[in-house]
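Here is input-v3.cif, consisting of mmCIF, C-alpha atoms:
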```cif
data_final
#
loop_
_atom_site.label_atom_id
_atom_site.label_comp_id
_atom_site.auth_asym_id
_atom_site.auth_seq_id
_atom_site.Cartn_x
_atom_site.Cartn_y
_atom_site.Cartn_z
CA MET R 1 0.00 0.00 0.00
CA ASP R 2 1.33 3.41 -0.94
CA LEU R 3 1.26 5.38 2.28
CA LEU R 4 2.00 8.64 0.45
CA ALA R 5 -1.21 8.21 -1.49
CA ASN R 6 -3.05 9.11 1.70
CA ARG R 7 -0.71 11.88 2.72
CA ARG R 8 -2.68 15.11 2.97
CA THR R 9 -1.37 18.48 1.89
CA VAL R 10 -1.97 21.62 3.92
CA LEU R 11 -1.17 25.19 2.93
CA ILE R 12 -0.68 27.74 5.70
CA VAL R 13 -1.11 31.37 4.65
CA ASP R 14 0.03 33.95 7.19
CA ASP R 15 2.36 36.93 7.00
CA GLU R 16 3.65 35.97 10.44
CA SER R 17 6.45 33.48 9.85
CA VAL R 18 6.24 32.15 13.39
CA ILE R 19 2.63 31.07 12.81
CA CYS R 20 3.63 29.39 9.56
CA GLU R 21 6.48 27.54 11.25
CA LEU R 22 4.38 26.51 14.24
CA LEU R 23 1.57 25.10 12.12
CA SER R 24 3.97 23.49 9.65
CA CYS R 25 5.53 21.55 12.52
CA LEU R 26 2.09 20.54 13.74
CA PHE R 27 0.95 19.17 10.38
CA GLU R 28 4.23 17.47 9.58
CA ALA R 29 4.01 15.76 12.97
CA HIS R 30 0.66 14.41 11.78
CA ASP R 31 2.16 13.06 8.55
CA CYS R 32 0.83 15.85 6.37
CA THR R 33 2.80 17.79 3.78
CA ALA R 34 2.84 21.49 4.67
CA PHE R 35 3.45 24.49 2.44
CA THR R 36 3.49 28.09 3.60
CA ALA R 37 2.75 31.42 1.94
CA LYS R 38 3.08 35.00 3.17
CA ASP R 39 -0.07 36.42 1.54
CA GLY R 40 -3.11 35.49 -0.48
CA ASN R 41 -1.45 35.91 -3.88
CA ALA R 42 1.40 33.57 -2.99
CA GLY R 43 -1.14 31.13 -1.53
CA LEU R 44 -3.16 31.07 -4.74
CA ARG R 45 -0.03 30.42 -6.79
CA ILE R 46 0.74 27.36 -4.67
CA CYS R 47 -2.82 26.08 -5.03
CA GLY R 48 -2.40 26.40 -8.81
CA THR R 49 0.72 24.26 -8.87
CA ARG R 50 0.19 21.75 -6.04
CA SER R 51 -2.59 19.45 -5.00
CA VAL R 52 -3.75 21.11 -1.78
CA ASP R 53 -6.39 19.55 0.47
CA LEU R 54 -6.68 22.24 3.13
CA VAL R 55 -5.80 25.93 3.39
CA ILE R 56 -5.45 27.61 6.76
CA THR R 57 -5.37 31.35 6.24
CA ASP R 58 -5.05 34.41 8.39
CA LEU R 59 -7.56 37.15 7.58
CA SER R 60 -5.40 40.23 8.16
CA MET R 61 -2.50 40.25 5.70
CA PRO R 62 -0.88 42.74 3.35
CA ASP R 63 -1.69 42.55 -0.36
CA LYS R 64 -4.44 39.97 -0.92
CA ASP R 65 -5.98 39.45 2.52
CA GLY R 66 -7.69 36.36 3.88
CA PHE R 67 -11.19 37.36 2.80
CA GLU R 68 -10.07 37.81 -0.79
CA LEU R 69 -8.21 34.52 -0.65
CA VAL R 70 -11.22 32.64 0.70
CA ARG R 71 -13.41 34.02 -2.06
CA ALA R 72 -10.83 33.20 -4.74
CA LEU R 73 -10.33 29.67 -3.43
CA ARG R 74 -14.06 28.93 -3.39
CA SER R 75 -14.27 30.16 -6.96
CA GLU R 76 -11.13 28.61 -8.45
CA PHE R 77 -10.51 25.58 -6.21
CA PRO R 78 -13.88 24.57 -4.73
CA ALA R 79 -12.65 21.19 -3.50
CA ILE R 80 -10.10 22.75 -1.13
CA LYS R 81 -11.23 23.00 2.48
CA ILE R 82 -10.58 26.32 4.21
CA ILE R 83 -9.99 27.34 7.81
CA ALA R 84 -9.86 31.09 8.50
CA MET R 85 -7.93 32.52 11.45
CA SER R 86 -8.10 35.91 13.12
CA GLY R 87 -6.34 37.41 16.11
CA MET R 88 -8.37 40.61 16.17
CA LEU R 89 -9.93 41.58 19.46
CA ARG R 90 -13.60 40.65 19.31
CA SER R 91 -12.80 38.55 16.25
CA GLU R 92 -16.21 36.86 16.14
CA GLY R 93 -17.49 39.28 13.49
CA PHE R 94 -14.46 38.72 11.26
CA LEU R 95 -14.74 34.98 11.59
CA LYS R 96 -18.46 34.96 10.86
CA ALA R 97 -17.77 37.02 7.76
CA ALA R 98 -15.13 34.49 6.69
CA LEU R 99 -17.73 31.72 6.98
CA ALA R 100 -20.08 33.79 4.85
CA PHE R 101 -17.32 34.12 2.27
CA GLY R 102 -17.06 30.33 2.14
CA ALA R 103 -14.60 29.20 4.82
CA HIS R 104 -15.48 25.80 6.28
CA ASP R 105 -14.27 26.53 9.80
CA THR R 106 -12.64 29.29 11.84
CA LEU R 107 -10.04 29.63 14.55
CA ALA R 108 -9.44 32.56 16.87
CA LYS R 109 -5.85 33.41 17.76
CA PRO R 110 -4.45 32.56 20.21
CA PHE R 111 -5.22 28.94 19.45
CA THR R 112 -4.14 25.68 20.97
CA LEU R 113 -2.47 23.19 18.68
CA ILE R 114 -5.06 20.63 19.76
CA SER R 115 -7.87 22.86 18.51
CA VAL R 116 -6.08 23.46 15.20
CA TRP R 117 -5.54 19.78 14.57
CA SER R 118 -9.06 18.89 15.68
CA SER R 119 -10.55 21.32 13.17
CA ALA R 120 -8.16 20.28 10.39
CA GLU R 121 -8.61 16.56 10.98
CA ALA R 122 -12.37 16.87 10.68
CA LEU R 123 -12.01 18.61 7.32
CA LEU R 124 -9.27 16.31 6.04
CA ARG R 125 -11.26 13.18 6.81
CA PRO R 126 -12.36 11.57 3.52
CA THR R 127 -15.98 12.54 2.82
CA SER R 128 -16.34 11.73 -0.85
CA CYS R 129 -20.11 12.17 -0.75
CA LEU R 130 -19.69 15.80 0.19
CA VAL R 131 -17.11 16.78 -2.40
CA GLY R 132 -18.61 19.24 -4.80
CA SER R 133 -21.78 19.69 -2.83
CA LEU R 134 -20.73 22.79 -0.96
CA PRO R 135 -21.67 26.18 -2.31
CA MET K 1 5.37 21.17 54.99
CA ASP K 2 2.26 20.74 57.15
CA LEU K 3 -0.73 22.07 55.34
CA PRO K 4 -3.92 23.14 57.07
CA GLN K 5 -6.99 20.96 56.56
CA ASP K 6 -9.00 24.14 56.54
CA ILE K 7 -8.35 27.87 56.80
CA PRO K 8 -10.41 30.06 59.17
CA LEU K 9 -12.30 32.61 57.12
CA THR K 10 -11.21 35.35 59.51
CA VAL K 11 -7.66 34.94 58.19
CA LEU K 12 -8.81 35.55 54.63
CA GLU K 13 -11.34 38.23 55.54
CA SER K 14 -8.66 40.57 56.86
CA ASN K 15 -6.06 39.72 54.20
CA PRO K 16 -5.30 42.74 51.97
CA SER K 17 -4.58 40.42 49.03
CA THR K 18 -7.37 39.07 46.88
CA CYS K 19 -8.21 35.64 48.25
CA TYR K 20 -10.77 33.05 47.28
CA MET K 21 -11.65 29.46 48.02
CA LEU K 22 -12.58 26.64 45.68
CA GLY K 23 -14.54 23.47 46.26
CA ALA K 24 -13.25 20.09 45.18
CA GLY K 25 -14.83 20.61 41.77
CA LEU K 26 -13.02 23.97 41.36
CA GLU K 27 -16.22 25.96 41.92
CA ILE K 28 -15.73 29.29 43.72
CA THR K 29 -17.06 29.01 47.25
CA TYR K 30 -15.75 32.20 48.85
CA CYS K 31 -14.19 35.58 47.94
CA ASN K 32 -12.72 37.93 50.51
CA PRO K 33 -13.46 41.68 50.74
CA ALA K 34 -10.19 42.51 48.96
CA TRP K 35 -11.48 40.56 45.94
CA ASN K 36 -14.52 42.82 45.72
CA ARG K 37 -12.42 45.95 46.19
CA PHE K 38 -10.09 44.95 43.34
CA ALA K 39 -13.01 44.10 41.06
CA ALA K 40 -14.78 47.38 41.81
CA GLU K 41 -11.64 49.50 41.33
CA ASN K 42 -10.92 47.89 37.96
CA GLY K 43 -14.37 47.95 36.43
CA GLY K 44 -14.99 44.24 36.97
CA VAL K 45 -18.67 44.55 37.81
CA GLY K 46 -19.36 41.00 36.64
CA LEU K 47 -16.54 39.73 38.83
CA LEU K 48 -17.95 40.78 42.19
CA ALA K 49 -18.36 37.90 44.65
CA GLU K 50 -22.12 37.74 44.22
CA SER K 51 -21.65 37.10 40.50
CA VAL K 52 -18.92 34.49 40.67
CA LEU K 53 -19.88 32.35 43.67
CA ASN K 54 -20.65 28.73 42.79
CA ARG K 55 -19.32 29.20 39.28
CA PRO K 56 -16.36 27.14 37.98
CA VAL K 57 -13.19 29.16 38.40
CA LEU K 58 -11.77 27.94 35.09
CA GLN K 59 -14.34 29.94 33.16
CA TYR K 60 -12.57 33.09 34.34
CA PHE K 61 -9.27 32.03 32.78
CA THR K 62 -8.66 32.55 29.08
CA PRO K 63 -9.42 29.35 27.12
CA VAL K 64 -5.78 28.80 26.25
CA MET K 65 -4.83 28.80 29.96
CA ARG K 66 -7.60 26.57 31.32
CA ASP K 67 -5.80 23.25 30.91
CA TYR K 68 -2.69 24.73 32.46
CA TYR K 69 -4.47 25.92 35.61
CA SER K 70 -6.54 22.76 35.84
CA ASP K 71 -3.29 20.79 35.91
CA LEU K 72 -1.81 23.19 38.45
CA PHE K 73 -4.71 22.71 40.88
CA ALA K 74 -4.55 18.95 40.38
CA ARG K 75 -0.82 18.96 41.09
CA ALA K 76 -1.27 20.95 44.30
CA ARG K 77 -4.01 18.55 45.42
CA ASP K 78 -2.12 15.35 44.55
CA LYS K 79 1.20 16.47 46.03
CA ARG K 80 -0.50 18.15 48.98
CA GLN K 81 1.86 21.05 48.45
CA MET K 82 1.38 24.78 48.30
CA LEU K 83 2.22 25.82 44.74
CA CYS K 84 3.04 29.29 43.42
CA GLN K 85 2.39 30.79 40.01
CA GLU K 86 3.47 34.21 38.77
CA TYR K 87 1.03 35.96 36.47
CA GLU K 88 0.25 39.38 35.03
CA CYS K 89 -3.08 41.16 35.43
CA SER K 90 -2.60 44.60 33.91
CA SER K 91 -5.05 47.28 32.97
CA ALA K 92 -4.64 49.69 30.06
CA GLU K 93 -2.84 52.13 32.33
CA THR K 94 -1.16 49.97 34.95
CA PHE K 95 1.22 47.02 34.81
CA ARG K 96 0.60 44.54 37.64
CA SER K 97 2.42 41.34 38.46
CA PHE K 98 0.96 38.89 40.97
CA GLN K 99 1.96 35.70 42.69
CA MET K 100 -0.81 33.15 43.07
CA GLN K 101 -0.40 30.82 46.04
CA ILE K 102 -2.51 27.68 45.90
CA TYR K 103 -3.12 25.92 49.22
CA PRO K 104 -4.75 22.50 48.90
CA LEU K 105 -7.27 21.90 51.68
CA LYS K 106 -9.26 18.88 52.76
CA ASP K 107 -12.08 19.59 50.31
CA GLY K 108 -10.80 22.17 47.88
CA PHE K 109 -8.31 25.01 47.78
CA ALA K 110 -7.53 28.44 49.22
CA ILE K 111 -5.92 30.87 46.80
CA VAL K 112 -4.04 34.03 47.75
CA ASN K 113 -3.05 36.48 45.00
CA SER K 114 -0.25 38.72 46.28
CA LEU K 115 0.68 41.85 44.37
CA ARG K 116 4.40 41.72 43.46
CA ALA K 117 4.81 44.77 41.27
CA GLU K 118 2.63 47.67 40.16
CA ARG K 119 3.63 50.60 37.98
CA VAL K 120 2.36 52.78 35.19
CA HIS K 121 3.23 51.27 31.82
CA SER K 122 6.61 52.56 30.74
CA SER K 123 5.66 52.79 27.08
CA LYS K 124 4.77 56.29 26.00
CA ALA K 125 3.63 55.31 22.51
CA MET K 126 -0.09 55.98 22.17
CA LEU K 127 -0.45 57.06 18.57
CA PRO K 128 -1.86 54.52 16.13
CA PHE K 129 0.94 55.02 13.63
CA ASP K 130 3.92 55.49 15.90
CA HIS K 131 7.07 54.92 13.86
CA THR K 132 8.57 52.86 16.65
CA TYR K 133 6.14 50.06 15.84
CA LEU K 134 4.84 50.46 12.30
CA GLN K 135 6.33 47.80 10.05
CA SER K 136 7.51 48.48 6.51
CA ASN K 137 4.34 46.84 5.13
CA GLY K 138 2.15 49.33 7.01
CA LEU K 139 1.02 46.86 9.67
CA LEU K 140 1.57 46.64 13.41
CA ARG K 141 2.76 43.24 14.70
CA MET K 142 0.92 42.26 17.84
CA CYS K 143 1.24 39.07 19.88
CA SER K 144 -2.13 37.33 19.82
CA ASN K 145 -1.54 36.03 23.36
CA CYS K 146 -0.17 38.90 25.45
CA ARG K 147 -1.12 41.67 22.98
CA ARG K 148 2.29 43.29 23.13
CA THR K 149 3.47 45.07 20.00
CA SER K 150 6.77 44.41 18.26
CA ARG K 151 9.17 47.26 17.62
CA ASN K 152 10.27 47.63 14.02
CA ASP K 153 13.98 47.72 14.85
CA GLU K 154 16.45 44.96 15.58
CA SER K 155 15.98 45.14 19.36
CA GLY K 156 13.54 42.23 19.44
CA ARG K 157 11.46 44.10 22.01
CA TRP K 158 7.70 43.71 22.31
CA ASP K 159 6.02 46.51 24.28
CA TRP K 160 2.68 46.87 25.95
CA VAL K 161 1.03 49.78 24.09
CA PRO K 162 -2.43 50.39 25.57
CA GLY K 163 -3.39 52.86 22.83
CA TYR K 164 -3.29 50.14 20.18
CA LEU K 165 -5.90 48.13 22.04
CA ALA K 166 -8.03 51.13 22.93
CA HIS K 167 -8.21 52.29 19.32
CA GLY K 168 -9.33 48.90 17.94
CA LEU K 169 -7.06 49.30 14.92
CA LYS K 170 -7.55 47.29 11.76
CA ASN K 171 -3.96 47.43 10.48
CA ILE K 172 -2.69 44.79 12.88
CA THR K 173 -1.15 41.44 12.06
CA HIS K 174 -1.18 38.85 14.83
CA GLY K 175 1.76 36.64 15.56
CA ILE K 176 3.32 35.22 18.71
CA CYS K 177 6.06 36.95 20.68
CA PRO K 178 9.11 34.87 21.69
CA VAL K 179 8.07 34.71 25.35
CA CYS K 180 4.58 33.43 24.55
CA LEU K 181 5.95 31.03 21.94
CA GLU K 182 8.17 29.40 24.51
CA TYR K 183 5.49 29.45 27.19
CA PHE K 184 2.45 28.27 25.25
CA TYR K 185 4.13 26.07 22.65
CA PRO K 186 7.13 24.64 24.50
CA MET K 187 7.43 21.62 22.21
CA HIS K 188 7.85 23.81 19.15
#
```
Can the structure from this file be put into C-alpha cells for me?
Amino acid sequence: MDLLANRRTVLIVDDESVICELLSCLFEAHDCTAFTAKDGNAGLRICGTRSVDLVITDLSMPDKDGFELVRALRSEFPAIKIIAMSGMLRSEGFLKAALAFGAHDTLAKPFTLISVWSSAEALLRPTSCLVGSLP
Amino acid sequence: MDLPQDIPLTVLESNPSTCYMLGAGLEITYCNPAWNRFAAENGGVGLLAESVLNRPVLQYFTPVMRDYYSDLFARARDKRQMLCQEYECSSAETFRSFQMQIYPLKDGFAIVNSLRAERVHSSKAMLPFDHTYLQSNGLLRMCSNCRRTSRNDESGRWDWVPGYLAHGLKNITHGICPVCLEYFYPMH
C-alpha cells in the first residue's frame, strides 16, 4: 500500500512566519505535507501548482488578505477546504464574515495546537459524498 | 510542609490580598473583601463575589490557559503542596504582576493572589501610527496572546502599548512573541 497516497497536503497562509512555522511543525508531525505562503497571492499560486487539500489562512495580511483569498479559493478551487484565522480583538465578526465568504471553519488566535488539529482533521477526513456539494 | 486541613475565614477576611476558596470541583465558594475591592476598582462589575460564587473558576481564565491551571490545581491537590504561580493582570494604564499561592485543603483550595509589582506602563507610545512600531508593510505586529506590539527595529522588544488596544485598529497582524511562543508552545 502506498502510504504517500493518503498523505494530505496543507497550505498555511500567514504573514507571520512564526505562525507558519508553528503550524507546519504541527501538520508534519501528523504526517501531512505542509506548504506556507506570506499572503493570499502567494497562496493562490501554490494552489495552482500543487494538490492542496486544506488551506489555513489568516484574515489580516498585506496585499491579498484572507477574505479575498477565501473568495478566490471557493471560486477557483472549490474542493479545497478552508480554515480562517483571526487574532483581532472581538474577532467573532471577522470569523463569521469568513464563513459567509465560504470558509469551512474558523479559529481565533491565540489557538491551541489541539484545537487546530481537531478542526483540520475533521475537514481532512475523507468525505467523498460531500465533495462538490458545498456552495 | 504541614498544610492546614482548613483555613479560618477570619484569616482571609482581613487579608489585603485578593483571596478566594474553591470546592473540590473547582467551583468558587468564597471571595474575601479585597477581591470585591479589586473588582470594583478595575471595572470588573461581573466579577464581584455575588456574580462568581458557585461558578467554575476555570471559566474566568482565558481558554488557552484553562488546561494549564486545571493541571496546576490537580498537582497541588495530589502532592499536597502549596504551589506558586506568577502571572500578570494589567489594565490599560497599569502594569501589575501577581503571585498566586494555591493551598490544597481537605475539600478544595484556598488561593491568595499577592501583588508583586505595580507601575504605570513605561511605554509612551499611544499614537496609532507610531514609527517605533509600524512595520515596513504598514502593519503593526501584535502578539495574539499577550497583545504586546513588536518594535520595528532589531531590538527584538515587544512593548505593551495600551493605545493600540483602545483604538481597535484594523492594520494589525497577529503573531506570537518569543516569550509566549516558549510558554504556550514549548514543544515547538
Using the chain letters and numbers from this file, what does the PyMOL selection byres ((chain R) within 9 of (chain K)) select? Give the answer as a PyMOL selection string. chain R and resi 14-19+21-22+25-26+58-62+86-89+109-113
Could you give me, as a ChimeraX atom specification, the residues within 9 Å of Ile12 (chain R), counting all atoms listed in the file and dropping anything in the same chain fewer than 6 positions from it? /R:19-20,23-24,34-38,43,54-58
Residues picked by the PyMOL selection byres ((chain K and resi 23-37) around 12) here, as a PDB file with C-alpha atoms, in the coordinates of the input?
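So result05.pdb came out as:
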```
ATOM      1  CA  ASP K   6      -9.000  24.140  56.540  1.00  0.00           C
ATOM      2  CA  ILE K   7      -8.350  27.870  56.800  1.00  0.00           C
ATOM      3  CA  PRO K   8     -10.410  30.060  59.170  1.00  0.00           C
ATOM      4  CA  LEU K   9     -12.300  32.610  57.120  1.00  0.00           C
ATOM      5  CA  THR K  10     -11.210  35.350  59.510  1.00  0.00           C
ATOM      6  CA  VAL K  11      -7.660  34.940  58.190  1.00  0.00           C
ATOM      7  CA  LEU K  12      -8.810  35.550  54.630  1.00  0.00           C
ATOM      8  CA  GLU K  13     -11.340  38.230  55.540  1.00  0.00           C
ATOM      9  CA  SER K  14      -8.660  40.570  56.860  1.00  0.00           C
ATOM     10  CA  ASN K  15      -6.060  39.720  54.200  1.00  0.00           C
ATOM     11  CA  PRO K  16      -5.300  42.740  51.970  1.00  0.00           C
ATOM     12  CA  SER K  17      -4.580  40.420  49.030  1.00  0.00           C
ATOM     13  CA  THR K  18      -7.370  39.070  46.880  1.00  0.00           C
ATOM     14  CA  CYS K  19      -8.210  35.640  48.250  1.00  0.00           C
ATOM     15  CA  TYR K  20     -10.770  33.050  47.280  1.00  0.00           C
ATOM     16  CA  MET K  21     -11.650  29.460  48.020  1.00  0.00           C
ATOM     17  CA  LEU K  22     -12.580  26.640  45.680  1.00  0.00           C
ATOM     18  CA  PHE K  38     -10.090  44.950  43.340  1.00  0.00           C
ATOM     19  CA  ALA K  39     -13.010  44.100  41.060  1.00  0.00           C
ATOM     20  CA  ALA K  40     -14.780  47.380  41.810  1.00  0.00           C
ATOM     21  CA  GLU K  41     -11.640  49.500  41.330  1.00  0.00           C
ATOM     22  CA  ASN K  42     -10.920  47.890  37.960  1.00  0.00           C
ATOM     23  CA  GLY K  43     -14.370  47.950  36.430  1.00  0.00           C
ATOM     24  CA  GLY K  44     -14.990  44.240  36.970  1.00  0.00           C
ATOM     25  CA  VAL K  45     -18.670  44.550  37.810  1.00  0.00           C
ATOM     26  CA  GLY K  46     -19.360  41.000  36.640  1.00  0.00           C
ATOM     27  CA  LEU K  47     -16.540  39.730  38.830  1.00  0.00           C
ATOM     28  CA  LEU K  48     -17.950  40.780  42.190  1.00  0.00           C
ATOM     29  CA  ALA K  49     -18.360  37.900  44.650  1.00  0.00           C
ATOM     30  CA  GLU K  50     -22.120  37.740  44.220  1.00  0.00           C
ATOM     31  CA  SER K  51     -21.650  37.100  40.500  1.00  0.00           C
ATOM     32  CA  VAL K  52     -18.920  34.490  40.670  1.00  0.00           C
ATOM     33  CA  LEU K  53     -19.880  32.350  43.670  1.00  0.00           C
ATOM     34  CA  ASN K  54     -20.650  28.730  42.790  1.00  0.00           C
ATOM     35  CA  ARG K  55     -19.320  29.200  39.280  1.00  0.00           C
ATOM     36  CA  PRO K  56     -16.360  27.140  37.980  1.00  0.00           C
ATOM     37  CA  VAL K  57     -13.190  29.160  38.400  1.00  0.00           C
ATOM     38  CA  LEU K  58     -11.770  27.940  35.090  1.00  0.00           C
ATOM     39  CA  GLN K  59     -14.340  29.940  33.160  1.00  0.00           C
ATOM     40  CA  TYR K  60     -12.570  33.090  34.340  1.00  0.00           C
ATOM     41  CA  ARG K  66      -7.600  26.570  31.320  1.00  0.00           C
ATOM     42  CA  TYR K  69      -4.470  25.920  35.610  1.00  0.00           C
ATOM     43  CA  SER K  70      -6.540  22.760  35.840  1.00  0.00           C
ATOM     44  CA  ASP K  71      -3.290  20.790  35.910  1.00  0.00           C
ATOM     45  CA  LEU K  72      -1.810  23.190  38.450  1.00  0.00           C
ATOM     46  CA  PHE K  73      -4.710  22.710  40.880  1.00  0.00           C
ATOM     47  CA  ALA K  74      -4.550  18.950  40.380  1.00  0.00           C
ATOM     48  CA  ARG K  77      -4.010  18.550  45.420  1.00  0.00           C
ATOM     49  CA  PRO K 104      -4.750  22.500  48.900  1.00  0.00           C
ATOM     50  CA  LEU K 105      -7.270  21.900  51.680  1.00  0.00           C
ATOM     51  CA  LYS K 106      -9.260  18.880  52.760  1.00  0.00           C
ATOM     52  CA  ASP K 107     -12.080  19.590  50.310  1.00  0.00           C
ATOM     53  CA  GLY K 108     -10.800  22.170  47.880  1.00  0.00           C
ATOM     54  CA  PHE K 109      -8.310  25.010  47.780  1.00  0.00           C
ATOM     55  CA  ALA K 110      -7.530  28.440  49.220  1.00  0.00           C
ATOM     56  CA  ILE K 111      -5.920  30.870  46.800  1.00  0.00           C
ATOM     57  CA  VAL K 112      -4.040  34.030  47.750  1.00  0.00           C
ATOM     58  CA  ASN K 113      -3.050  36.480  45.000  1.00  0.00           C
ATOM     59  CA  SER K 114      -0.250  38.720  46.280  1.00  0.00           C
ATOM     60  CA  LEU K 115       0.680  41.850  44.370  1.00  0.00           C
TER      61      LEU K 115
END
```
Give me the residues near Tyr87 (chain K) as number ranges by chain, where near means some atom within 7 Å (using all atoms listed in the file) and where sequence neighbours in that chain fewer than 5 positions away do not count. K: 97-99
Have a look at R:Ser51, R:Ile46, R:Phe77, R:Arg7 and name the one nearest to Ala29 (chain R); count only C-alpha atoms. R:Arg7
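Each of K:Leu140, K:Val120, K:Ala76, K:Leu134 was checked against Ser91 (chain K) using all atoms listed in the file; the smallest atom-to-atom distance is that of K:Val120.
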Translate the PyMOL selection byres ((chain K and resi 83) around 7), as applied to the file shown, into an explicit residue set as an MDAnalysis selection string. chainID K and resid 76 81:82 84:85 101:103
Figure out the distance between CA of Gly66 (chain R) and CA of Gln135 (chain K), please, to one decimal in Å. 19.1 Å
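Take the candidates R:Glu76, R:Ala122, R:Ser115, R:Phe67 and check each one against Gly102 (chain R) using all atoms listed in the file; the shortest distance goes to R:Phe67.
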Measuring atom to atom with only C-alpha atoms, identify which of R:Trp117, R:Arg90, R:Thr9, R:Arg71 is nearest to Cys47 (chain R). R:Thr9
One decimal, in Å: what's the spacing between CA of Cys32 (chain R) and CA of Asp105 (chain R)?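 Separation between CA of Cys32 (chain R) and CA of Asp105 (chain R): 18.8 Å.
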Asn41 (chain R): which residues within 9 Å, counting all atoms listed in the file, same-chain residues fewer than 5 positions away excluded, as number ranges by chain? R: 46, 63-65, 69
Serialized selection, C-alpha atoms, as an mmCIF file, in the coordinates of the input:
```
data_model
loop_
_atom_site.group_PDB
_atom_site.id
_atom_site.type_symbol
_atom_site.label_atom_id
_atom_site.label_comp_id
_atom_site.auth_asym_id
_atom_site.auth_seq_id
_atom_site.Cartn_x
_atom_site.Cartn_y
_atom_site.Cartn_z
ATOM 1 C CA ILE R 46 0.740 27.360 -4.670
ATOM 2 C CA ASP R 63 -1.690 42.550 -0.360
ATOM 3 C CA LYS R 64 -4.440 39.970 -0.920
ATOM 4 C CA ASP R 65 -5.980 39.450 2.520
ATOM 5 C CA LEU R 69 -8.210 34.520 -0.650
#
```
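The gap separating CA of Ala98 (chain R) from CA of Ser118 (chain R) is 19.0 Å, in Å to one decimal.
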Counting only C-alpha atoms, which residues have an atom no more than 12 Å from (-12.3, 17.1, 8.7) in the file's coordinates? Please list them as a PyMOL selection string. chain R and resi 8+53-54+80-83+104-105+116-128+130
Selection: 9 Å around Glu93 (chain K), all atoms listed in the file, excl. self and same-chain fewer than 4 positions, as a compact mmCIF listing (two decimals) with C-alpha atoms, in the coordinates of the input:
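As written to disk, selection-v2.txt reads:
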```
# COMPACT_ATOMS: atom_id res chain seq x y z
CA ARG K 119 3.63 50.60 37.98
CA VAL K 120 2.36 52.78 35.19
CA HIS K 121 3.23 51.27 31.82
CA PRO K 162 -2.43 50.39 25.57
```
